[in-house]
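**Q** Before I ask anything, here is the structure I am working with.
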Protein chains: 2
Amino acid sequence: MLTESTLIDAGGSAAGAGALLSILRDGRPRTRAELAQLTGWARSTLSLRLDALMHQRLVAPTDDAIHSGGRPATTFAFNQSARVVLAADLGVTHARLAVTDLATNPLAERSAEMPIDRGPVPVLTWLVETFHELLAECGRGLADVCGIGVGLPGPVEHGTGTPVNPPIMPGWNRFAVPEWLSARLGAPVLVDNDVNIMALGEYWAVRSQVQHLIFVKVGTGVGCGIISEGRLHRGAQGAAGDIGHIRVPSFEEVVCRCGNTGCLEAVAGGGALAARLREAGEDASASRDVVELVRAGNVRAVQAIRQAGREIGTVLAWVVNFFNPSFIVVGGDIAEAGEHLLAGVREVIYSTSLPLATQHLNILTSDLGDRAGVTGAAVMVIEHVLAPEVVDQAVTALSAEG
Amino acid sequence: MLTESTLIDAGGSAAGAGALLSILRDGRPRTRAELAQLTGWARSTLSLRLDALMHQRLVAPTDDAIHSGGRPATTFAFNQSARVVLAADLGVTHARLAVTDLATNPLAERSAEMPIDRGPVPVLTWLVETFHELLAECGRGLADVCGIGVGLPGPVEHGTGTPVNPPIMPGWNRFAVPEWLSARLGAPVLVDNDVNIMALGEYWAVRSQVQHLIFVKVGTGVGCGIISEGRLHRGAQGAAGDIGHIRVPSFEEVVCRCGNTGCLEAVAGGGALAARLREAGEDASASRDVVELVRAGNVRAVQAIRQAGREIGTVLAWVVNFFNPSFIVVGGDIAEAGEHLLAGVREVIYSTSLPLATQHLNILTSDLGDRAGVTGAAVMVIEHVLAPEVVDQAVTALSAEG
DNA sequence: CTAGTTTTGCTTGACCGTCGACATAAGACG
DNA sequence: CGTCTTATGTCGACGGTCAAGCAAAACTAG
C-alpha cells in the first residue's frame, strides 16, 4: 500500500510563511526589521516570505509608517479581510448564520426560525441559499470563502463531521454534512456540537488572559464546553461536557426526558423551569417564556431562576474542584435573562469550592450573547485554515502554479 | 533589550533528527528504506540523520537483518539504554526511587521509609545519595543521566518546579527543588504533584489505546490526575484533580481535615475509613491498617471499603459525564486491597452515568501498583528530553563541537 | 531646496543542506 | 565460484538562505 507520506515538512520553497503569519496574527503592525528579528531570518529572506503572504493578500502594508528621522518604515499587518468564513449556528428551532472576516468580525449576519427537525437536506439547502444571499450582501463571492463552520445541537463526531445518534435531530444520524456542503460551496467544512462551538467563541474573546475555560449553556437543557490549554476537550466519544444529566442531590424523584431521575437538566433546565412555573399557575410553556416572565418582573420566575442557578452552581462547584478553570462563562436563554442565574451560581461555587481554585476564578455571563455560536464556528475554521502548516502548503501551491 | 530570539527553527545542520527519533520511539526496528518512506527524505539525507542519532547512541542497529534475496537490510531501533532517568516518588511517609532506561524499565529501584516532613534539605540529600548508590548498582554514572523526575505529595507549580503552600510538607513551601537538585546531579529536573505523575505513568502503560484518562488515587486522601489528549491537564492554579474535597450528598455532618464538611475524602478516604472502623471497635489507626484488615478477611472492613467505592463512584460518575474519559485507573493503598473498592465504583458509575459515556469506558485497578509514581516521573522526563526540538538541539550541539 | 538619515529593493557570491546517480558492499542462489 | 539482487556509502549538482554592498526612495531638518 502506497502511503505517499510526508510526515515531516516538505522543505518547500516558501515554507515558513505560516510561521510568519502566526506572528502577525495578533493584529499588531510591524516593520520588516522587527519581523526579521522575531523570526531570526535575514532581511532578504523575510521579504521573500512577506511577499508570498502579500500575494495571498493575507498580509498588507498599513497606512501609517514609522518616522524615525530618515525614510519611514512601512509596517505590515495581518489582513483580516483577505478571506471570509461562513459560520452557522443551528439550534433546535432557531438558526444564526454569518459571514465573518478572519478575525471573526461579522460582515453580514442573519437569524431565523429554522427547526432542525425538518431534516438535513431542507435545512442545509436553506443554509446554502442564505449564505449566497449574505455573501452578496457584503459584496463577496464564493472565491473569497476559505472555510465553513457549522454547529449542530447534538453529538457530532468531529473527525468526520457527522452527527451520531442525535436525540433531537431526526434524519441527521450519520448524515455526511461536510461532503454535502463542500460539494456545493467549494470550501472545507468543519462541524461540531453547538455548545463546543460556543465555548470556542467565548475562549476567543478572552484568549489573551485565559488557558482553561468552561462555557455553560443554560437553555431548554444544560450542557457545557471545555477548553483545556486553549484546545477543545471533546472526550473519548465526543460526549464530554454533558453535565445536564448529572444527578443532583435531593431531587431524586424528578423524572428527566432522558429516562433517569434527578438530572440537573430536569431540575434547573429551561424546560423544567417552565413546567414548574406552569404548575404554579403562570403562563409558561417553554424556556423562552420563563425569560419573558423574568423580564416582566415576575417574582416567582426570578426565584425559580435563582434557585436553578444554585443547582447548577452545585455541579459547577464540583467541576471547579476537578478541572480548575480560570473562567466560567454562562450563556444560553436563561442566563441572558439577567444576573439572577449567575447570582445563584456564584453563591454556591464561592461557598463550596476550594479556596485555591476559586481565588482567581472569574464567573461571568457571555459578552457575545447569542453570537457566541457563530463566532465559535468561525474560530474553528480560522484556527484550521490559518495553521502554519496549512498556510505553508497554500503558499507553496500558489507559487508553484505561477 | 536584546532578545536573541529564534522563534522559528534555526535551520541547524542535523535538524530533523528529532522527528526521526519520534518515529523510532515506538521500539519497532525499521530499515533505512522504510524510514526514508516514512519521513519523505532521500536515502542519503536519512543516513545523515541516522548517523547523528547513532553518534548520540539514541539509535542502534539491531542484530536481525531482513533478507529479501539480495543484500540484507540492517534494521535500526530506538536504543532504550542510551541514557538513564532518575525517578523519585516522594510520598508523605514513604519514598520510592528508581533508575530507569528511556522506556521506563527499571534498572535499579529502592523503596524506603522517608517522612517528607523532615524538610527539603534532609530528604533531598538522602535522595541524591541514594541515586548515587542506585546508579552504582546498575553500573551507570552521572554522565548517563539525561534528567531527573520528582513527584511530591502536594501542590506544585510545574513551571518552576516548586511546591506552593503544601498543607503537609513543612519547610518545602517555595523551595527551589530543581535548582538544588540539578546543581548536585547535573541534569534537568522536572517536578510535579505525585498524583499527576501517577496519572502519567498509568497513561504510559495504555497510551496506544487511550487519549483521555483519569487516574484516581485512594489512599489516606483522595485525588485524581487528568490526561486530556495524552497531555496532563493541570488547571489554572495547578489545582486540577482535587476531587477529595468535593462535597458528597447525605454526609453533610462529617467534618473534614480541610475544615469543610461532607468532603469525599472525609467519607471515603483511608483516614476516614480507619476512624470509622476504630469507632466500631476494630484496631485501625491509618489507611494501611484498613488494608490489613481487609486482607485478613474482616467483614466490616470489606463492607466499609465497598461503601467507600460507592461514594467515590458517585463523584466519578459526574466526572465521566463531564470529561468522558476512556479509562479510569484506580490506585493507591485502598485500591490495592483487592477488588472491593473497584466493585463499588463500577456499581455506581455504570448505573448513573450516561450510556454513551460508559459504553467504551474501562474502569480498572492499576497494573503498575505502587510503581506508578516512579514510572510517571520517568515518563515526564523522557517526554521532555526526547521531544523533537530538544533532540535536534542536542544533536546539533554535539555535531558542532566535533 | 539641499543635505542628512534611514528604509527598502536588488544583486552577488558563498555556504550548507538535500537530492539523485553511481559505485561498491554483502549476502542468496545456482 | 560467479552471478544476481538489494542495500549502502560517496560525490557532484541544485536550490534555498544568508550577509554584504549599493543605489534608489522617502522623509526630516535646516
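Scheme for the C-alpha cells: letters A, B, ... for chains in order shown; per-chain residue numbers from 1; ligand numbers from 1 in order shown.
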Residues at most 6 Å from range 213-222 of chain A, counting only C-alpha atoms (C1' of nucleotides), excluding those fewer than 2 positions away in the same chain, as a PDB file with all heavy atoms, in the first residue's frame?
**A**
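What landed in part.pdb:
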ATOM      1  N   ALA A 199     -18.255  27.492  23.306  1.00  0.00           N
ATOM      2  CA  ALA A 199     -17.085  27.568  24.192  1.00  0.00           C
ATOM      3  C   ALA A 199     -15.887  28.145  23.444  1.00  0.00           C
ATOM      4  O   ALA A 199     -15.172  28.992  23.966  1.00  0.00           O
ATOM      5  CB  ALA A 199     -16.760  26.180  24.750  1.00  0.00           C
ATOM      6  N   CYS A 224     -22.176  21.854  28.703  1.00  0.00           N
ATOM      7  CA  CYS A 224     -21.030  22.736  28.767  1.00  0.00           C
ATOM      8  C   CYS A 224     -19.941  22.326  27.783  1.00  0.00           C
ATOM      9  O   CYS A 224     -19.863  21.190  27.331  1.00  0.00           O
ATOM     10  CB  CYS A 224     -20.483  22.854  30.184  1.00  0.00           C
ATOM     11  SG  CYS A 224     -19.463  21.497  30.729  1.00  0.00           S
ATOM     12  N   GLY A 225     -19.125  23.297  27.418  1.00  0.00           N
ATOM     13  CA  GLY A 225     -17.976  23.081  26.542  1.00  0.00           C
ATOM     14  C   GLY A 225     -16.715  23.328  27.351  1.00  0.00           C
ATOM     15  O   GLY A 225     -16.694  24.178  28.236  1.00  0.00           O
ATOM     16  N   ILE A 226     -15.672  22.567  27.059  1.00  0.00           N
ATOM     17  CA  ILE A 226     -14.481  22.542  27.904  1.00  0.00           C
ATOM     18  C   ILE A 226     -13.251  22.940  27.087  1.00  0.00           C
ATOM     19  O   ILE A 226     -12.959  22.316  26.072  1.00  0.00           O
ATOM     20  CB  ILE A 226     -14.263  21.118  28.471  1.00  0.00           C
ATOM     21  CG1 ILE A 226     -15.517  20.651  29.207  1.00  0.00           C
ATOM     22  CG2 ILE A 226     -13.040  21.072  29.356  1.00  0.00           C
ATOM     23  CD1 ILE A 226     -15.570  19.154  29.408  1.00  0.00           C
ATOM     24  N   ILE A 227     -12.546  23.954  27.531  1.00  0.00           N
ATOM     25  CA  ILE A 227     -11.300  24.359  26.874  1.00  0.00           C
ATOM     26  C   ILE A 227     -10.142  24.096  27.831  1.00  0.00           C
ATOM     27  O   ILE A 227     -10.079  24.658  28.916  1.00  0.00           O
ATOM     28  CB  ILE A 227     -11.308  25.848  26.506  1.00  0.00           C
ATOM     29  CG1 ILE A 227     -12.538  26.214  25.692  1.00  0.00           C
ATOM     30  CG2 ILE A 227     -10.017  26.228  25.792  1.00  0.00           C
ATOM     31  CD1 ILE A 227     -12.437  25.988  24.233  1.00  0.00           C
ATOM     32  N   GLY A 244     -25.702  18.082  31.922  1.00  0.00           N
ATOM     33  CA  GLY A 244     -27.163  18.169  32.081  1.00  0.00           C
ATOM     34  C   GLY A 244     -27.757  16.927  32.710  1.00  0.00           C
ATOM     35  O   GLY A 244     -28.827  16.988  33.326  1.00  0.00           O
ATOM     36  N   GLU A 265     -30.599  18.833  34.458  1.00  0.00           N
ATOM     37  CA  GLU A 265     -31.445  19.438  33.451  1.00  0.00           C
ATOM     38  C   GLU A 265     -32.921  19.397  33.848  1.00  0.00           C
ATOM     39  O   GLU A 265     -33.675  20.338  33.577  1.00  0.00           O
ATOM     40  CB  GLU A 265     -31.235  18.665  32.146  1.00  0.00           C
ATOM     41  CG  GLU A 265     -31.903  19.273  30.952  1.00  0.00           C
ATOM     42  CD  GLU A 265     -31.415  18.608  29.672  1.00  0.00           C
ATOM     43  OE1 GLU A 265     -30.187  18.552  29.470  1.00  0.00           O
ATOM     44  OE2 GLU A 265     -32.255  18.127  28.904  1.00  0.00           O
ATOM     45  N   GLY A 269     -33.028  23.101  34.121  1.00  0.00           N
ATOM     46  CA  GLY A 269     -33.111  23.468  32.716  1.00  0.00           C
ATOM     47  C   GLY A 269     -34.321  24.359  32.452  1.00  0.00           C
ATOM     48  O   GLY A 269     -35.273  24.395  33.248  1.00  0.00           O
ATOM     49  N   GLY A 270     -34.293  25.072  31.347  1.00  0.00           N
ATOM     50  CA  GLY A 270     -35.380  25.981  30.998  1.00  0.00           C
ATOM     51  C   GLY A 270     -36.710  25.264  30.873  1.00  0.00           C
ATOM     52  O   GLY A 270     -37.748  25.768  31.309  1.00  0.00           O
ATOM     53  N   GLY A 271     -36.676  24.076  30.297  1.00  0.00           N
ATOM     54  CA  GLY A 271     -37.899  23.301  30.162  1.00  0.00           C
ATOM     55  C   GLY A 271     -38.493  22.974  31.514  1.00  0.00           C
ATOM     56  O   GLY A 271     -39.706  23.116  31.740  1.00  0.00           O
ATOM     57  N   SER A 287     -38.770  27.484  27.576  1.00  0.00           N
ATOM     58  CA  SER A 287     -37.687  28.229  28.212  1.00  0.00           C
ATOM     59  C   SER A 287     -37.790  29.726  27.922  1.00  0.00           C
ATOM     60  O   SER A 287     -37.552  30.570  28.787  1.00  0.00           O
ATOM     61  CB  SER A 287     -36.377  27.637  27.702  1.00  0.00           C
ATOM     62  OG  SER A 287     -35.441  28.592  27.402  1.00  0.00           O
ATOM     63  N   PRO A 325     -10.663  25.620  36.259  1.00  0.00           N
ATOM     64  CA  PRO A 325     -10.610  26.583  35.162  1.00  0.00           C
ATOM     65  C   PRO A 325     -10.344  27.979  35.700  1.00  0.00           C
ATOM     66  O   PRO A 325     -10.462  28.207  36.904  1.00  0.00           O
ATOM     67  CB  PRO A 325     -12.019  26.519  34.573  1.00  0.00           C
ATOM     68  CG  PRO A 325     -12.877  26.171  35.739  1.00  0.00           C
ATOM     69  CD  PRO A 325     -12.047  25.302  36.648  1.00  0.00           C
ATOM     70  N   PHE A 327     -11.819  30.621  33.954  1.00  0.00           N
ATOM     71  CA  PHE A 327     -13.031  31.322  33.557  1.00  0.00           C
ATOM     72  C   PHE A 327     -14.195  30.345  33.501  1.00  0.00           C
ATOM     73  O   PHE A 327     -14.031  29.219  33.014  1.00  0.00           O
ATOM     74  CB  PHE A 327     -12.876  31.939  32.165  1.00  0.00           C
ATOM     75  CG  PHE A 327     -12.552  33.407  32.178  1.00  0.00           C
ATOM     76  CD1 PHE A 327     -11.337  33.846  32.658  1.00  0.00           C
ATOM     77  CD2 PHE A 327     -13.461  34.347  31.708  1.00  0.00           C
ATOM     78  CE1 PHE A 327     -11.024  35.200  32.660  1.00  0.00           C
ATOM     79  CE2 PHE A 327     -13.150  35.698  31.700  1.00  0.00           C
ATOM     80  CZ  PHE A 327     -11.937  36.126  32.181  1.00  0.00           C
ATOM     81  N   ILE A 328     -15.340  30.794  34.003  1.00  0.00           N
ATOM     82  CA  ILE A 328     -16.579  30.092  33.707  1.00  0.00           C
ATOM     83  C   ILE A 328     -17.496  31.106  33.052  1.00  0.00           C
ATOM     84  O   ILE A 328     -17.784  32.149  33.630  1.00  0.00           O
ATOM     85  CB  ILE A 328     -17.247  29.512  34.975  1.00  0.00           C
ATOM     86  CG1 ILE A 328     -16.384  28.399  35.561  1.00  0.00           C
ATOM     87  CG2 ILE A 328     -18.640  28.998  34.658  1.00  0.00           C
ATOM     88  CD1 ILE A 328     -17.006  27.734  36.779  1.00  0.00           C
ATOM     89  N   VAL A 329     -17.902  30.834  31.825  1.00  0.00           N
ATOM     90  CA  VAL A 329     -18.819  31.735  31.128  1.00  0.00           C
ATOM     91  C   VAL A 329     -20.170  31.048  31.047  1.00  0.00           C
ATOM     92  O   VAL A 329     -20.261  29.888  30.641  1.00  0.00           O
ATOM     93  CB  VAL A 329     -18.303  32.057  29.713  1.00  0.00           C
ATOM     94  CG1 VAL A 329     -19.256  32.987  29.000  1.00  0.00           C
ATOM     95  CG2 VAL A 329     -16.914  32.665  29.785  1.00  0.00           C
ATOM     96  N   VAL A 330     -21.192  31.763  31.481  1.00  0.00           N
ATOM     97  CA  VAL A 330     -22.531  31.197  31.473  1.00  0.00           C
ATOM     98  C   VAL A 330     -23.342  31.863  30.372  1.00  0.00           C
ATOM     99  O   VAL A 330     -23.398  33.093  30.295  1.00  0.00           O
ATOM    100  CB  VAL A 330     -23.225  31.394  32.830  1.00  0.00           C
ATOM    101  CG1 VAL A 330     -24.568  30.688  32.849  1.00  0.00           C
ATOM    102  CG2 VAL A 330     -22.344  30.886  33.947  1.00  0.00           C
ATOM    103  N   GLY A 331     -23.912  31.052  29.494  1.00  0.00           N
ATOM    104  CA  GLY A 331     -24.693  31.594  28.388  1.00  0.00           C
ATOM    105  C   GLY A 331     -25.976  30.811  28.186  1.00  0.00           C
ATOM    106  O   GLY A 331     -26.334  29.968  29.006  1.00  0.00           O
ATOM    107  N   GLY A 332     -26.652  31.077  27.094  1.00  0.00           N
ATOM    108  CA  GLY A 332     -27.933  30.434  26.812  1.00  0.00           C
ATOM    109  C   GLY A 332     -29.096  31.324  27.236  1.00  0.00           C
ATOM    110  O   GLY A 332     -28.924  32.276  27.991  1.00  0.00           O
ATOM    111  N   ASP A 333     -30.281  30.985  26.743  1.00  0.00           N
ATOM    112  CA  ASP A 333     -31.506  31.756  27.020  1.00  0.00           C
ATOM    113  C   ASP A 333     -31.611  32.250  28.459  1.00  0.00           C
ATOM    114  O   ASP A 333     -31.714  33.439  28.735  1.00  0.00           O
ATOM    115  CB  ASP A 333     -32.747  30.875  26.787  1.00  0.00           C
ATOM    116  CG  ASP A 333     -33.059  30.740  25.319  1.00  0.00           C
ATOM    117  OD1 ASP A 333     -32.271  31.277  24.516  1.00  0.00           O
ATOM    118  OD2 ASP A 333     -34.062  30.097  24.988  1.00  0.00           O
ATOM    119  N   ILE A 334     -31.591  31.267  29.366  1.00  0.00           N
ATOM    120  CA  ILE A 334     -31.888  31.549  30.763  1.00  0.00           C
ATOM    121  C   ILE A 334     -30.845  32.474  31.373  1.00  0.00           C
ATOM    122  O   ILE A 334     -31.176  33.372  32.154  1.00  0.00           O
ATOM    123  CB  ILE A 334     -31.942  30.229  31.568  1.00  0.00           C
ATOM    124  CG1 ILE A 334     -32.990  29.291  30.972  1.00  0.00           C
ATOM    125  CG2 ILE A 334     -32.226  30.479  33.022  1.00  0.00           C
ATOM    126  CD1 ILE A 334     -34.409  29.703  31.185  1.00  0.00           C
TER     127      ILE A 334
END
**Q** I need the strand (DSSP E or B) residues of range 98-132 of chain A per DSSP on the backbone, written as a PyMOL selection string.
**A** chain A and resi 98-100+106-113
**Q** As an NGL selection string, please: the residues near DT5 in chain D (cut-off 8 Å, only C-alpha atoms (C1' of nucleotides), same-chain neighbours under 4 positions excluded).
**A** :B and (69-71)
**Q** Residues of chain A were defined as contacting chain C if any atom lay at most 12 Å from it, counting only C-alpha atoms (C1' of nucleotides); please report them as a ChimeraX atom specification.
**A** /A:10-12,31-33,43-44,47-48,65-75
**Q** Next, the residues of the selection above should be written as a compact mmCIF listing (two decimals), in the first residue's frame with N, CA and C atoms.
**A**
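This went into out20.txt:
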# COMPACT_ATOMS: atom_id res chain seq x y z
N ALA A 10 7.88 19.32 4.08
CA ALA A 10 8.34 19.01 2.74
C ALA A 10 9.55 19.85 2.35
N GLY A 11 9.89 20.84 3.16
CA GLY A 11 11.02 21.70 2.82
C GLY A 11 10.78 22.52 1.57
N GLY A 12 9.52 22.77 1.26
CA GLY A 12 9.15 23.50 0.05
C GLY A 12 9.72 24.91 0.05
N THR A 31 7.26 46.39 11.47
CA THR A 31 8.15 46.72 10.36
C THR A 31 8.93 45.48 9.94
N ARG A 32 9.58 45.59 8.80
CA ARG A 32 10.40 44.48 8.34
C ARG A 32 11.50 44.16 9.37
N ALA A 33 12.10 45.20 9.89
CA ALA A 33 13.20 44.99 10.83
C ALA A 33 12.72 44.21 12.04
N ARG A 43 17.03 39.79 6.25
CA ARG A 43 16.02 40.70 5.69
C ARG A 43 15.57 40.24 4.31
N SER A 44 16.52 39.71 3.53
CA SER A 44 16.15 39.29 2.18
C SER A 44 15.16 38.13 2.23
N SER A 47 11.75 39.29 3.32
CA SER A 47 10.99 39.95 2.25
C SER A 47 10.35 38.93 1.33
N LEU A 48 11.09 37.86 1.05
CA LEU A 48 10.55 36.78 0.22
C LEU A 48 9.25 36.23 0.81
N ALA A 65 3.12 54.85 8.66
CA ALA A 65 4.52 54.43 8.66
C ALA A 65 5.18 54.98 9.93
N ILE A 66 6.30 54.36 10.28
CA ILE A 66 7.00 54.80 11.49
C ILE A 66 8.12 55.76 11.10
N HIS A 67 8.04 56.99 11.59
CA HIS A 67 9.00 58.02 11.22
C HIS A 67 10.11 58.09 12.25
N SER A 68 11.31 57.94 11.81
CA SER A 68 12.42 57.89 12.75
C SER A 68 13.59 58.73 12.26
N GLY A 69 13.30 59.81 11.59
CA GLY A 69 14.38 60.66 11.11
C GLY A 69 14.62 60.51 9.63
N GLY A 70 14.76 59.26 9.18
CA GLY A 70 15.01 59.02 7.77
C GLY A 70 13.78 58.54 7.04
N ARG A 71 13.97 57.65 6.13
CA ARG A 71 12.83 57.11 5.39
C ARG A 71 11.94 56.33 6.34
N PRO A 72 10.67 56.61 6.33
CA PRO A 72 9.79 55.92 7.26
C PRO A 72 9.66 54.44 6.90
N ALA A 73 9.60 53.60 7.92
CA ALA A 73 9.45 52.17 7.71
C ALA A 73 7.99 51.84 7.53
N THR A 74 7.67 51.17 6.44
CA THR A 74 6.29 50.71 6.28
C THR A 74 6.03 49.55 7.23
N THR A 75 4.87 49.55 7.82
CA THR A 75 4.53 48.45 8.71
C THR A 75 3.55 47.52 8.01
**Q** Write down as a ChimeraX atom specification the residues of range 17-48 of chain B whose backbone DSSP state falls under alpha helix (DSSP H).
**A** /B:17-24,32-39,43-48
**Q** Show me which bits of chain D are within 12 Å of chain B, counting only C-alpha atoms (C1' of nucleotides), as JSON, numbers by chain.
**A** {"D": [3, 4, 5, 6, 7, 8, 9, 10, 11, 16, 17, 18]}
**Q** Could you save the residues just selected, with N, CA and C atoms (P, O5', C5', C4', C3', O3' and C1' of nucleotides), as a tab-separated table (two decimals), in the first residue's frame?
**A**
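The file below, again_29.tsv, is the result:
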chain	number	residue	atom	x	y	z
D	3	DT	P	30.25	-14.26	-14.05
D	3	DT	O5'	28.73	-14.12	-13.62
D	3	DT	C5'	27.85	-15.25	-13.77
D	3	DT	C4'	26.54	-14.96	-13.06
D	3	DT	C3'	26.00	-13.54	-13.27
D	3	DT	O3'	24.62	-13.60	-13.56
D	3	DT	C1'	26.09	-14.05	-10.97
D	4	DC	P	23.87	-12.33	-14.23
D	4	DC	O5'	22.69	-12.12	-13.19
D	4	DC	C5'	22.03	-13.26	-12.61
D	4	DC	C4'	21.39	-12.86	-11.30
D	4	DC	C3'	20.77	-11.45	-11.31
D	4	DC	O3'	19.40	-11.53	-11.00
D	4	DC	C1'	22.12	-11.80	-9.37
D	5	DT	P	18.47	-10.14	-11.10
D	5	DT	O5'	18.34	-9.74	-9.58
D	5	DT	C5'	18.02	-10.74	-8.60
D	5	DT	C4'	18.12	-10.14	-7.21
D	5	DT	C3'	17.57	-8.71	-7.09
D	5	DT	O3'	16.68	-8.65	-6.00
D	5	DT	C1'	19.76	-8.80	-6.21
D	6	DT	P	15.59	-7.40	-5.94
D	6	DT	O5'	16.12	-6.61	-4.67
D	6	DT	C5'	16.33	-7.32	-3.45
D	6	DT	C4'	17.37	-6.61	-2.63
D	6	DT	C3'	17.07	-5.13	-2.35
D	6	DT	O3'	16.90	-4.97	-0.95
D	6	DT	C1'	19.34	-5.47	-2.91
D	7	DA	P	16.65	-3.51	-0.30
D	7	DA	O5'	18.09	-3.20	0.29
D	7	DA	C5'	18.68	-4.13	1.20
D	7	DA	C4'	20.00	-3.60	1.70
D	7	DA	C3'	19.97	-2.20	2.30
D	7	DA	O3'	20.79	-2.20	3.45
D	7	DA	C1'	21.49	-2.25	0.48
D	8	DT	P	20.77	-0.96	4.42
D	8	DT	O5'	22.06	-0.18	3.95
D	8	DT	C5'	23.32	-0.82	4.02
D	8	DT	C4'	24.39	0.04	3.39
D	8	DT	C3'	24.41	1.50	3.84
D	8	DT	O3'	25.67	1.78	4.41
D	8	DT	C1'	24.64	1.31	1.49
D	9	DG	P	25.96	3.20	5.04
D	9	DG	O5'	27.11	3.77	4.09
D	9	DG	C5'	28.27	2.98	3.85
D	9	DG	C4'	29.17	3.68	2.84
D	9	DG	C3'	29.47	5.15	3.15
D	9	DG	O3'	30.83	5.43	2.82
D	9	DG	C1'	28.39	4.97	1.03
D	10	DT	P	31.38	6.91	2.94
D	10	DT	O5'	31.35	7.46	1.44
D	10	DT	C5'	31.86	6.65	0.39
D	10	DT	C4'	31.89	7.45	-0.90
D	10	DT	C3'	32.24	8.92	-0.78
D	10	DT	O3'	33.12	9.28	-1.83
D	10	DT	C1'	30.15	8.71	-1.85
D	11	DC	P	33.85	10.72	-1.78
D	11	DC	O5'	33.16	11.48	-2.99
D	11	DC	C5'	33.08	10.84	-4.29
D	11	DC	C4'	32.20	11.68	-5.20
D	11	DC	C3'	32.42	13.18	-5.06
D	11	DC	O3'	32.58	13.77	-6.33
D	11	DC	C1'	30.12	12.66	-4.83
D	16	DG	P	14.59	27.02	-4.54
D	16	DG	O5'	14.64	27.38	-3.00
D	16	DG	C5'	14.60	26.31	-2.04
D	16	DG	C4'	15.39	26.71	-0.81
D	16	DG	C3'	15.08	28.11	-0.30
D	16	DG	O3'	14.99	28.06	1.12
D	16	DG	C1'	17.39	27.93	-0.71
D	17	DT	P	14.36	29.28	1.93
D	17	DT	O5'	15.61	29.96	2.61
D	17	DT	C5'	16.43	29.18	3.47
D	17	DT	C4'	17.71	29.92	3.77
D	17	DT	C3'	17.51	31.39	4.16
D	17	DT	O3'	17.87	31.54	5.52
D	17	DT	C1'	19.34	31.10	2.63
D	18	DC	P	17.81	32.95	6.23
D	18	DC	O5'	19.30	33.50	6.06
D	18	DC	C5'	20.37	32.66	6.46
D	18	DC	C4'	21.69	33.32	6.11
D	18	DC	C3'	21.78	34.78	6.51
D	18	DC	O3'	22.89	34.98	7.36
D	18	DC	C1'	22.45	34.47	4.25
**Q** List the neighbours of Gln307 in chain A out to 9 Å using only C-alpha atoms (C1' of nucleotides); skip same-chain residues closer than 3 positions along the sequence, and give me the result as a PyMOL selection string.
**A** chain A and resi 268+302-304+310-312+340-341+344-345
**Q** If you take only C-alpha atoms and a cut-off of 6 Å, which residues of chain B touch chain A, and what are their nearest atom pairs and distances in Å to one decimal, in chain and number order, as a Markdown table?
**A**
| residue | atom | partner | partner_atom | distance |
| --- | --- | --- | --- | --- |
| B:Thr6 | CA | A:Gly40 | CA | 5.1 |
| B:Leu7 | CA | A:Thr39 | CA | 5.6 |
| B:Ile8 | CA | A:Thr39 | CA | 5.7 |
| B:Thr39 | CA | A:Leu7 | CA | 5.6 |
| B:Gly40 | CA | A:Thr6 | CA | 5.0 |
| B:Gly235 | CA | A:Asn324 | CA | 4.8 |
| B:Ala236 | CA | A:Pro325 | CA | 5.5 |
| B:Ala240 | CA | A:Phe323 | CA | 4.7 |
| B:Gly241 | CA | A:Phe322 | CA | 4.5 |
| B:Asp242 | CA | A:Phe322 | CA | 5.4 |
| B:Ile243 | CA | A:Phe322 | CA | 5.6 |
| B:Ile246 | CA | A:Trp318 | CA | 5.8 |
| B:Pro249 | CA | A:Pro249 | CA | 5.8 |
| B:Trp318 | CA | A:Ile246 | CA | 5.8 |
| B:Asn321 | CA | A:Asp242 | CA | 5.4 |
| B:Phe322 | CA | A:Gly241 | CA | 4.5 |
| B:Phe323 | CA | A:Ala240 | CA | 4.7 |
| B:Asn324 | CA | A:Ala240 | CA | 4.8 |
| B:Pro325 | CA | A:Ala236 | CA | 5.6 |
| B:Ser326 | CA | A:Ala236 | CA | 5.6 |
**Q** Give me, please, the distance in Å between CA of Glu347 in chain A and CA of Ile305 in chain A, quoted to one decimal.
**A** 13.2 Å
**Q** Excluding range 204-207 of chain B and any residue of its chain fewer than 2 positions from it, enumerate the residues within 10 Å of it, using only C-alpha atoms (C1' of nucleotides), and give them as a list in words.
**A** Ala103, Thr104, Met198, Ala199, Leu200, Gly201, Glu202, Gln209, Val210, Gln211, His212, Leu213, Gly230, Phe327, Ser366, Asp367, Leu368, Ala372, Thr375, Gly376, Val379 and Met380 of chain B
**Q** Hey, can you spit out that residue selection with C-alpha atoms as a short mmCIF file (atom, residue, chain, number, x, y, z; two decimals), in the first residue's frame?
**A**
data_model
loop_
_atom_site.label_atom_id
_atom_site.label_comp_id
_atom_site.auth_asym_id
_atom_site.auth_seq_id
_atom_site.Cartn_x
_atom_site.Cartn_y
_atom_site.Cartn_z
CA ALA B 103 11.40 3.20 28.09
CA THR B 104 10.71 3.49 31.84
CA MET B 198 0.97 8.56 38.70
CA ALA B 199 -1.60 9.51 36.06
CA LEU B 200 1.23 9.97 33.58
CA GLY B 201 2.61 6.57 34.50
CA GLU B 202 -0.70 4.85 34.01
CA GLN B 209 -5.27 2.70 23.07
CA VAL B 210 -6.17 5.75 25.08
CA GLN B 211 -6.22 9.53 24.75
CA HIS B 212 -8.27 10.56 27.77
CA LEU B 213 -7.60 9.01 31.15
CA GLY B 230 -2.36 12.49 26.02
CA PHE B 327 -10.03 4.87 31.01
CA SER B 366 -3.53 -0.05 38.30
CA ASP B 367 -1.24 -2.63 36.73
CA LEU B 368 1.73 -0.61 37.88
CA ALA B 372 3.02 4.15 39.01
CA THR B 375 7.14 5.29 36.15
CA GLY B 376 5.29 8.57 35.71
CA VAL B 379 7.75 9.45 31.65
CA MET B 380 7.70 13.15 32.49
#
**Q** Name all residues at most 12 Å from Asn298 in chain A (count only C-alpha atoms (C1' of nucleotides); drop same-chain ones fewer than 3 positions away) and give them as an NGL selection string.
**A** :A and (277 or 282-284 or 289-295 or 301-305 or 337)
